[in-house]
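Colleague: The structure follows.
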Amino acid sequence: ASAHENSLMAAPRLVDEAAPVEAPADAPAPGDALALPHTHARRVDHVARAQGLRDLGDLSGAVTELRRALHDDPGATDALAQLARTARLAGDTKLALGAYARLGQAEPHDAGALVQQARLLVSEGRFAEAVPVGEEALLRDPEDPEVYQVLGRAHLGANELASAILRFQQAVHLDPEHGHALNNLGFAYLRANDNARAVEVLTQAAGLLPHVAYVQNNLGVACERLGRMEEARAAYAAATRLSPRYVQARVNAERVGRVARADPASPALPEPLPPVAP
């Protein structure tokens, strides 16, 4: 989830004056970590309530309503999908992961929920857990480049470079214009010290993502490692222009400038930045 999504201010909850008051209940149903027990005199559309609360910025209230919806209908896939997304925005990783896992079970032929579950595990640094989830998604949809992308990120996080490179290559094979997969493949090549290949794919990534500063920075790293200092300076300058507060790119640019003034034939070996992908 993005920073601005996590910073939403809580808004007053919607009040349906015609609806009976529901008994508060804070504990989940026995054996169900997602559902929230409650009682009411008549059926209430908790999913619709949740949408209204989410629109107002009340993520906590929306999560509560979606969990009540699951108490009424444990197999409601729409409520599960909304709960996964809303809990993630609210910063409740455990609940979001549980909802994605349940959704993946409820839709046994769809890889989407598993891809999201694996992405969230990667973002939490739980790489070993993300790999089998991604492998299950691969069995369901071997033609989806996002499956290979998230598997590559999981392997990369676990420092399994050969597997990461293979998965990123497969993602790019399926979608040659997947700029983020190309950036991550270039990053993996840099980690493996295969700098020539890194330059090749990062040049493609920079062409596809011309406004993404970290891609330019990684391209600069690859060029600098190969002694292509003018290209490195240009890439670092592009990164700092795109993101003036990008400290690492600015440090890299200043270092290359000092090296060029002191000894143009003696480049440094900077480190690339970690991959970032949606």
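Quick note on naming: the chains in the structure tokens go A, B, ... in the order shown, residues restart at 1 in each chain, and ligands are numbered from 1 in order of appearance.
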Write out as a VMD selection string each polymer residue whose atoms come within 9 Å of stretch 132-135 of chain A, counting only C-alpha atoms; drop sequence neighbours fewer than 2 positions from it.

Modeller: chain A and resid 111 114 to 115 117 to 119 128 to 130 137 to 140 147 to 148 150 to 151 154

Colleague: Those selected residues, please, written with N, CA and C atoms and delivered as a CSV table (one decimal), in the first residue's frame.

Modeller:
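Below is the file that was written, again-v4.csv:
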```csv
chain,number,residue,atom,x,y,z
A,111,ALA,N,-5.4,-17.1,-10.6
A,111,ALA,CA,-4.1,-16.8,-10.0
A,111,ALA,C,-4.0,-15.5,-9.3
A,114,LEU,N,-3.6,-15.2,-5.4
A,114,LEU,CA,-2.3,-15.7,-5.0
A,114,LEU,C,-1.2,-14.8,-5.4
A,115,VAL,N,-1.3,-14.1,-6.5
A,115,VAL,CA,-0.2,-13.1,-6.9
A,115,VAL,C,-0.2,-12.0,-5.9
A,117,GLN,N,-1.3,-12.1,-2.8
A,117,GLN,CA,-0.8,-12.7,-1.5
A,117,GLN,C,0.8,-12.8,-1.5
A,118,ALA,N,1.3,-13.2,-2.6
A,118,ALA,CA,2.8,-13.3,-2.7
A,118,ALA,C,3.4,-12.0,-2.7
A,119,ARG,N,2.8,-11.0,-3.4
A,119,ARG,CA,3.4,-9.6,-3.4
A,119,ARG,C,3.4,-9.1,-2.0
A,128,ALA,N,10.6,-16.7,1.7
A,128,ALA,CA,10.5,-18.1,1.7
A,128,ALA,C,9.0,-18.5,1.6
A,129,GLU,N,8.1,-17.8,2.3
A,129,GLU,CA,6.7,-18.0,2.3
A,129,GLU,C,6.1,-17.6,0.9
A,130,ALA,N,6.7,-16.6,0.3
A,130,ALA,CA,6.1,-16.1,-1.0
A,130,ALA,C,6.3,-17.1,-2.1
A,137,ALA,N,0.4,-20.1,-7.9
A,137,ALA,CA,-0.2,-19.2,-9.0
A,137,ALA,C,0.3,-19.6,-10.3
A,138,LEU,N,1.6,-20.0,-10.4
A,138,LEU,CA,2.2,-20.4,-11.7
A,138,LEU,C,1.4,-21.6,-12.3
A,139,LEU,N,1.1,-22.6,-11.4
A,139,LEU,CA,0.3,-23.8,-11.9
A,139,LEU,C,-1.0,-23.4,-12.5
A,140,ARG,N,-1.6,-22.3,-11.9
A,140,ARG,CA,-2.9,-21.9,-12.3
A,140,ARG,C,-2.9,-21.1,-13.6
A,147,VAL,N,3.0,-13.4,-12.5
A,147,VAL,CA,3.3,-14.5,-11.7
A,147,VAL,C,4.9,-14.7,-11.6
A,148,TYR,N,5.5,-14.6,-12.8
A,148,TYR,CA,6.9,-14.7,-12.9
A,148,TYR,C,7.6,-13.5,-12.2
A,150,VAL,N,6.5,-11.7,-9.6
A,150,VAL,CA,6.5,-11.8,-8.1
A,150,VAL,C,7.4,-13.0,-7.7
A,151,LEU,N,7.5,-14.1,-8.4
A,151,LEU,CA,8.4,-15.1,-8.1
A,151,LEU,C,9.8,-14.7,-8.1
A,154,ALA,N,10.6,-12.7,-5.1
A,154,ALA,CA,10.7,-13.6,-3.9
A,154,ALA,C,12.1,-14.2,-3.9
```

Colleague: What does the structure give for the distance between atom CA of A:Val199 and atom CA of A:Gly220, in Å to one decimal?

Modeller: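 Atom CA of A:Gly220 lies at a distance of 8.6 Å from atom CA of A:Val199.
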
Colleague: Restrict the calculation to only C-alpha atoms, then for each residue of stretch 56-148 of chain A with any atom at most 12 Å from an atom of stretch 176-179 of chain A give the closest atom pair and their distance in Å to one decimal, rows by chain and rising residue number, as JSON lines.

Modeller:
```
{"residue": "A:Asp144", "atom": "CA", "partner": "A:His178", "partner_atom": "CA", "distance": 11.7}
{"residue": "A:Pro145", "atom": "CA", "partner": "A:His178", "partner_atom": "CA", "distance": 8.5}
{"residue": "A:Glu146", "atom": "CA", "partner": "A:His178", "partner_atom": "CA", "distance": 9.4}
{"residue": "A:Tyr148", "atom": "CA", "partner": "A:His178", "partner_atom": "CA", "distance": 11.5}
```

Colleague: If we count only C-alpha atoms, what is near A:Gln169 at a cut-off of 9 Å, once residues fewer than 2 positions away on the same chain are taken out, given as a list in words?

Modeller: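 Neighbouring residues, sequence-local ones excluded: Tyr148, Gln149, Gly152, Ala164, Ile165, Leu166, Arg167, Ala171, Val172, His173, Leu174, Ala181, Leu182 and Leu185 of chain A.
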
Colleague: Export, as a JSON list (two decimals), in the first residue's frame, the selected residues with all heavy atoms.

Modeller:
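Just written: part-v8.json:
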```json
[["chain", "number", "residue", "atom", "x", "y", "z"],
["A", 148, "TYR", "N", 5.50, -14.61, -12.79],
["A", 148, "TYR", "CA", 6.95, -14.74, -12.85],
["A", 148, "TYR", "C", 7.64, -13.54, -12.19],
["A", 148, "TYR", "O", 8.70, -13.68, -11.58],
["A", 148, "TYR", "CB", 7.39, -14.87, -14.31],
["A", 148, "TYR", "CG", 6.85, -16.10, -14.97],
["A", 148, "TYR", "CD1", 5.68, -16.04, -15.74],
["A", 148, "TYR", "CD2", 7.46, -17.34, -14.83],
["A", 148, "TYR", "CE1", 5.17, -17.17, -16.35],
["A", 148, "TYR", "CE2", 6.95, -18.47, -15.43],
["A", 148, "TYR", "CZ", 5.80, -18.38, -16.19],
["A", 148, "TYR", "OH", 5.28, -19.51, -16.79],
["A", 149, "GLN", "N", 7.03, -12.37, -12.33],
["A", 149, "GLN", "CA", 7.58, -11.17, -11.72],
["A", 149, "GLN", "C", 7.63, -11.30, -10.20],
["A", 149, "GLN", "O", 8.67, -11.04, -9.57],
["A", 149, "GLN", "CB", 6.74, -9.96, -12.15],
["A", 149, "GLN", "CG", 6.87, -8.72, -11.28],
["A", 149, "GLN", "CD", 8.09, -7.88, -11.60],
["A", 149, "GLN", "OE1", 9.13, -8.39, -12.01],
["A", 149, "GLN", "NE2", 7.99, -6.59, -11.39],
["A", 152, "GLY", "N", 10.15, -13.87, -9.16],
["A", 152, "GLY", "CA", 11.50, -13.33, -9.26],
["A", 152, "GLY", "C", 11.85, -12.47, -8.07],
["A", 152, "GLY", "O", 12.97, -12.56, -7.53],
["A", 164, "ALA", "N", 15.98, -16.08, -9.53],
["A", 164, "ALA", "CA", 15.40, -14.76, -9.76],
["A", 164, "ALA", "C", 15.58, -14.35, -11.22],
["A", 164, "ALA", "O", 14.63, -13.87, -11.87],
["A", 164, "ALA", "CB", 16.04, -13.74, -8.83],
["A", 165, "ILE", "N", 16.78, -14.51, -11.73],
["A", 165, "ILE", "CA", 17.05, -14.12, -13.12],
["A", 165, "ILE", "C", 16.16, -14.92, -14.07],
["A", 165, "ILE", "O", 15.57, -14.36, -15.02],
["A", 165, "ILE", "CB", 18.54, -14.33, -13.45],
["A", 165, "ILE", "CG1", 19.37, -13.25, -12.75],
["A", 165, "ILE", "CG2", 18.78, -14.29, -14.96],
["A", 165, "ILE", "CD1", 20.86, -13.47, -12.80],
["A", 166, "LEU", "N", 16.03, -16.22, -13.83],
["A", 166, "LEU", "CA", 15.18, -17.05, -14.69],
["A", 166, "LEU", "C", 13.75, -16.55, -14.69],
["A", 166, "LEU", "O", 13.12, -16.41, -15.76],
["A", 166, "LEU", "CB", 15.23, -18.50, -14.23],
["A", 166, "LEU", "CG", 14.27, -19.46, -14.95],
["A", 166, "LEU", "CD1", 14.60, -19.54, -16.44],
["A", 166, "LEU", "CD2", 14.31, -20.84, -14.30],
["A", 167, "ARG", "N", 13.20, -16.28, -13.52],
["A", 167, "ARG", "CA", 11.80, -15.85, -13.45],
["A", 167, "ARG", "C", 11.60, -14.48, -14.09],
["A", 167, "ARG", "O", 10.60, -14.26, -14.79],
["A", 167, "ARG", "CB", 11.33, -15.83, -11.98],
["A", 167, "ARG", "CG", 11.26, -17.20, -11.33],
["A", 167, "ARG", "CD", 10.53, -18.20, -12.20],
["A", 167, "ARG", "NE", 10.22, -19.44, -11.48],
["A", 167, "ARG", "CZ", 9.73, -20.53, -12.05],
["A", 167, "ARG", "NH1", 9.51, -20.54, -13.36],
["A", 167, "ARG", "NH2", 9.47, -21.61, -11.34],
["A", 171, "ALA", "N", 9.22, -13.50, -17.30],
["A", 171, "ALA", "CA", 8.25, -12.40, -17.30],
["A", 171, "ALA", "C", 8.45, -11.51, -18.53],
["A", 171, "ALA", "O", 7.49, -11.13, -19.20],
["A", 171, "ALA", "CB", 8.39, -11.57, -16.02],
["A", 172, "VAL", "N", 9.70, -11.20, -18.83],
["A", 172, "VAL", "CA", 10.00, -10.34, -19.98],
["A", 172, "VAL", "C", 9.70, -11.05, -21.29],
["A", 172, "VAL", "O", 9.26, -10.43, -22.26],
["A", 172, "VAL", "CB", 11.48, -9.88, -19.92],
["A", 172, "VAL", "CG1", 11.88, -9.17, -21.20],
["A", 172, "VAL", "CG2", 11.69, -8.97, -18.71],
["A", 173, "HIS", "N", 9.91, -12.36, -21.32],
["A", 173, "HIS", "CA", 9.57, -13.12, -22.53],
["A", 173, "HIS", "C", 8.08, -13.01, -22.84],
["A", 173, "HIS", "O", 7.68, -12.85, -24.00],
["A", 173, "HIS", "CB", 9.97, -14.58, -22.35],
["A", 173, "HIS", "CG", 9.55, -15.47, -23.49],
["A", 173, "HIS", "ND1", 10.18, -15.46, -24.72],
["A", 173, "HIS", "CD2", 8.53, -16.38, -23.60],
["A", 173, "HIS", "CE1", 9.57, -16.31, -25.53],
["A", 173, "HIS", "NE2", 8.57, -16.89, -24.88],
["A", 174, "LEU", "N", 7.26, -13.11, -21.78],
["A", 174, "LEU", "CA", 5.81, -13.02, -21.97],
["A", 174, "LEU", "C", 5.36, -11.59, -22.25],
["A", 174, "LEU", "O", 4.37, -11.37, -22.95],
["A", 174, "LEU", "CB", 5.08, -13.57, -20.74],
["A", 174, "LEU", "CG", 5.17, -15.08, -20.54],
["A", 174, "LEU", "CD1", 4.65, -15.47, -19.16],
["A", 174, "LEU", "CD2", 4.38, -15.81, -21.62],
["A", 181, "ALA", "N", 9.66, -5.42, -14.74],
["A", 181, "ALA", "CA", 10.36, -6.71, -14.82],
["A", 181, "ALA", "C", 11.75, -6.53, -15.42],
["A", 181, "ALA", "O", 12.71, -7.16, -14.97],
["A", 181, "ALA", "CB", 9.54, -7.71, -15.62],
["A", 182, "LEU", "N", 11.87, -5.67, -16.42],
["A", 182, "LEU", "CA", 13.18, -5.39, -17.00],
["A", 182, "LEU", "C", 14.11, -4.73, -15.98],
["A", 182, "LEU", "O", 15.29, -5.08, -15.89],
["A", 182, "LEU", "CB", 13.03, -4.49, -18.23],
["A", 182, "LEU", "CG", 12.55, -5.19, -19.50],
["A", 182, "LEU", "CD1", 12.03, -4.17, -20.51],
["A", 182, "LEU", "CD2", 13.68, -6.02, -20.12],
["A", 185, "LEU", "N", 15.15, -7.44, -13.58],
["A", 185, "LEU", "CA", 16.11, -8.32, -14.22],
["A", 185, "LEU", "C", 17.49, -7.65, -14.26],
["A", 185, "LEU", "O", 18.52, -8.28, -13.97],
["A", 185, "LEU", "CB", 15.64, -8.68, -15.64],
["A", 185, "LEU", "CG", 16.59, -9.54, -16.47],
["A", 185, "LEU", "CD1", 16.89, -10.86, -15.77],
["A", 185, "LEU", "CD2", 16.00, -9.79, -17.87]]
```

Colleague: Using only C-alpha atoms, which of A:Leu34, A:Leu97, A:Ala48, A:Ala235 sits nearest A:His71?

Modeller: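 Under the stated criterion, the closest residue is A:Leu34.
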
Colleague: Would you list the contacts of A:Ala96 as a ChimeraX atom specification, taking every protein, DNA or RNA residue within 10 Å and counting only C-alpha atoms, but skipping same-chain residues closer than 4 positions in sequence?

Modeller: /A:34,80-92,100-102,116-117,120

Colleague: Give me a file of those residues, with N, CA, C and O atoms, as a CSV table (one decimal), in the first residue's frame.

Modeller:
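The resulting file, again.csv, is reproduced below:
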```
chain,number,residue,atom,x,y,z
A,34,LEU,N,-11.4,-14.5,10.0
A,34,LEU,CA,-11.9,-13.4,9.2
A,34,LEU,C,-13.2,-12.8,9.5
A,34,LEU,O,-13.5,-11.6,9.5
A,80,LEU,N,-14.6,-11.1,0.4
A,80,LEU,CA,-13.2,-11.5,0.6
A,80,LEU,C,-12.2,-10.6,-0.2
A,80,LEU,O,-11.2,-10.1,0.4
A,81,ALA,N,-12.6,-10.3,-1.4
A,81,ALA,CA,-11.7,-9.5,-2.3
A,81,ALA,C,-11.6,-8.1,-1.7
A,81,ALA,O,-10.5,-7.5,-1.6
A,82,GLN,N,-12.7,-7.5,-1.3
A,82,GLN,CA,-12.7,-6.2,-0.7
A,82,GLN,C,-12.0,-6.1,0.6
A,82,GLN,O,-11.3,-5.2,0.9
A,83,LEU,N,-12.2,-7.2,1.4
A,83,LEU,CA,-11.5,-7.2,2.7
A,83,LEU,C,-10.0,-7.3,2.5
A,83,LEU,O,-9.3,-6.6,3.2
A,84,ALA,N,-9.5,-8.1,1.6
A,84,ALA,CA,-8.1,-8.2,1.3
A,84,ALA,C,-7.5,-6.8,1.0
A,84,ALA,O,-6.5,-6.4,1.6
A,85,ARG,N,-8.2,-6.1,0.1
A,85,ARG,CA,-7.7,-4.8,-0.4
A,85,ARG,C,-7.8,-3.7,0.7
A,85,ARG,O,-6.8,-3.0,1.0
A,86,THR,N,-8.9,-3.7,1.4
A,86,THR,CA,-9.1,-2.7,2.5
A,86,THR,C,-8.2,-2.9,3.7
A,86,THR,O,-7.7,-2.0,4.2
A,87,ALA,N,-8.1,-4.2,4.1
A,87,ALA,CA,-7.2,-4.5,5.2
A,87,ALA,C,-5.8,-4.1,4.9
A,87,ALA,O,-5.0,-3.6,5.7
A,88,ARG,N,-5.4,-4.3,3.6
A,88,ARG,CA,-4.0,-3.9,3.2
A,88,ARG,C,-3.8,-2.4,3.3
A,88,ARG,O,-2.8,-2.0,3.8
A,89,LEU,N,-4.8,-1.7,2.8
A,89,LEU,CA,-4.7,-0.2,2.9
A,89,LEU,C,-4.7,0.2,4.4
A,89,LEU,O,-4.0,1.2,4.7
A,90,ALA,N,-5.4,-0.5,5.2
A,90,ALA,CA,-5.5,-0.1,6.6
A,90,ALA,C,-4.2,-0.6,7.4
A,90,ALA,O,-4.1,-0.3,8.6
A,91,GLY,N,-3.3,-1.3,6.8
A,91,GLY,CA,-2.1,-1.7,7.4
A,91,GLY,C,-2.2,-3.0,8.2
A,91,GLY,O,-1.3,-3.4,9.0
A,92,ASP,N,-3.4,-3.7,8.1
A,92,ASP,CA,-3.6,-5.0,8.8
A,92,ASP,C,-3.1,-6.1,7.9
A,92,ASP,O,-3.9,-6.8,7.2
A,100,TYR,N,-6.6,-12.9,1.3
A,100,TYR,CA,-6.1,-13.3,0.0
A,100,TYR,C,-6.0,-14.9,-0.1
A,100,TYR,O,-6.3,-15.5,-1.1
A,101,ALA,N,-5.5,-15.5,1.0
A,101,ALA,CA,-5.4,-16.9,1.0
A,101,ALA,C,-6.8,-17.6,0.9
A,101,ALA,O,-6.9,-18.6,0.1
A,102,ARG,N,-7.8,-17.1,1.6
A,102,ARG,CA,-9.1,-17.7,1.5
A,102,ARG,C,-9.7,-17.4,0.1
A,102,ARG,O,-10.4,-18.3,-0.5
A,116,GLN,N,-1.4,-11.5,-5.5
A,116,GLN,CA,-1.5,-10.4,-4.5
A,116,GLN,C,-0.9,-10.9,-3.1
A,116,GLN,O,-0.2,-10.1,-2.4
A,117,GLN,N,-1.3,-12.1,-2.8
A,117,GLN,CA,-0.8,-12.7,-1.5
A,117,GLN,C,0.8,-12.8,-1.5
A,117,GLN,O,1.4,-12.4,-0.6
A,120,LEU,N,2.4,-9.3,-1.2
A,120,LEU,CA,2.3,-8.8,0.2
A,120,LEU,C,3.4,-9.5,1.0
A,120,LEU,O,4.0,-8.8,1.9
```

Colleague: Looking at only C-alpha atoms, which of A:Ala234, A:Ala69, A:Leu53, A:Ala222 is the one that sits closest to A:Asn193?

Modeller: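 Checking each of A:Ala234, A:Ala69, A:Leu53, A:Ala222 against A:Asn193, counting only C-alpha atoms, the winner is A:Ala222.
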
Colleague: What is the distance between atom CA of A:Val256 and atom CA of A:Arg233, in Å to one decimal?

Modeller: 6.7 Å

Colleague: Report as a ChimeraX atom specification all protein, DNA and RNA residues lying within 7 Å of A:Ala62, evaluated on only C-alpha atoms, omitting residues in the same chain fewer than 5 positions from it.

Modeller: /A:50-51,53-54

Colleague: Grab the residues selected above and save them as a CSV table (one decimal), in the first residue's frame with all heavy atoms.

Modeller:
```csv
chain,number,residue,atom,x,y,z
A,50,ALA,N,-19.6,-1.1,3.7
A,50,ALA,CA,-18.2,-1.0,3.7
A,50,ALA,C,-17.7,-0.1,2.6
A,50,ALA,O,-16.8,0.7,2.8
A,50,ALA,CB,-17.6,-2.4,3.5
A,51,GLN,N,-18.3,-0.1,1.5
A,51,GLN,CA,-17.9,0.7,0.4
A,51,GLN,C,-18.1,2.2,0.7
A,51,GLN,O,-17.3,3.1,0.5
A,51,GLN,CB,-18.7,0.4,-0.9
A,51,GLN,CG,-18.3,1.2,-2.1
A,51,GLN,CD,-16.8,1.0,-2.5
A,51,GLN,OE1,-16.4,-0.1,-2.7
A,51,GLN,NE2,-16.1,2.1,-2.5
A,53,LEU,N,-18.2,3.5,3.8
A,53,LEU,CA,-17.2,3.9,4.8
A,53,LEU,C,-15.8,4.1,4.2
A,53,LEU,O,-15.1,5.0,4.5
A,53,LEU,CB,-17.1,2.8,5.9
A,53,LEU,CG,-18.4,2.8,6.8
A,53,LEU,CD1,-18.4,1.5,7.6
A,53,LEU,CD2,-18.4,4.0,7.7
A,54,ARG,N,-15.5,3.2,3.2
A,54,ARG,CA,-14.2,3.3,2.6
A,54,ARG,C,-14.1,4.6,1.8
A,54,ARG,O,-13.1,5.3,1.8
A,54,ARG,CB,-13.9,2.1,1.7
A,54,ARG,CG,-12.6,2.2,0.9
A,54,ARG,CD,-12.3,0.9,0.2
A,54,ARG,NE,-11.2,1.0,-0.7
A,54,ARG,CZ,-10.5,0.0,-1.2
A,54,ARG,NH1,-10.9,-1.2,-1.0
A,54,ARG,NH2,-9.5,0.2,-2.1
```

Colleague: Identify all residues of stretch 34-172 of chain A in helix (DSSP H, G or I) (DSSP on the backbone) and supply them as a ChimeraX atom specification.

Modeller: /A:46-56,59-72,77-89,93-106,112-123,127-140,145-157,161-172
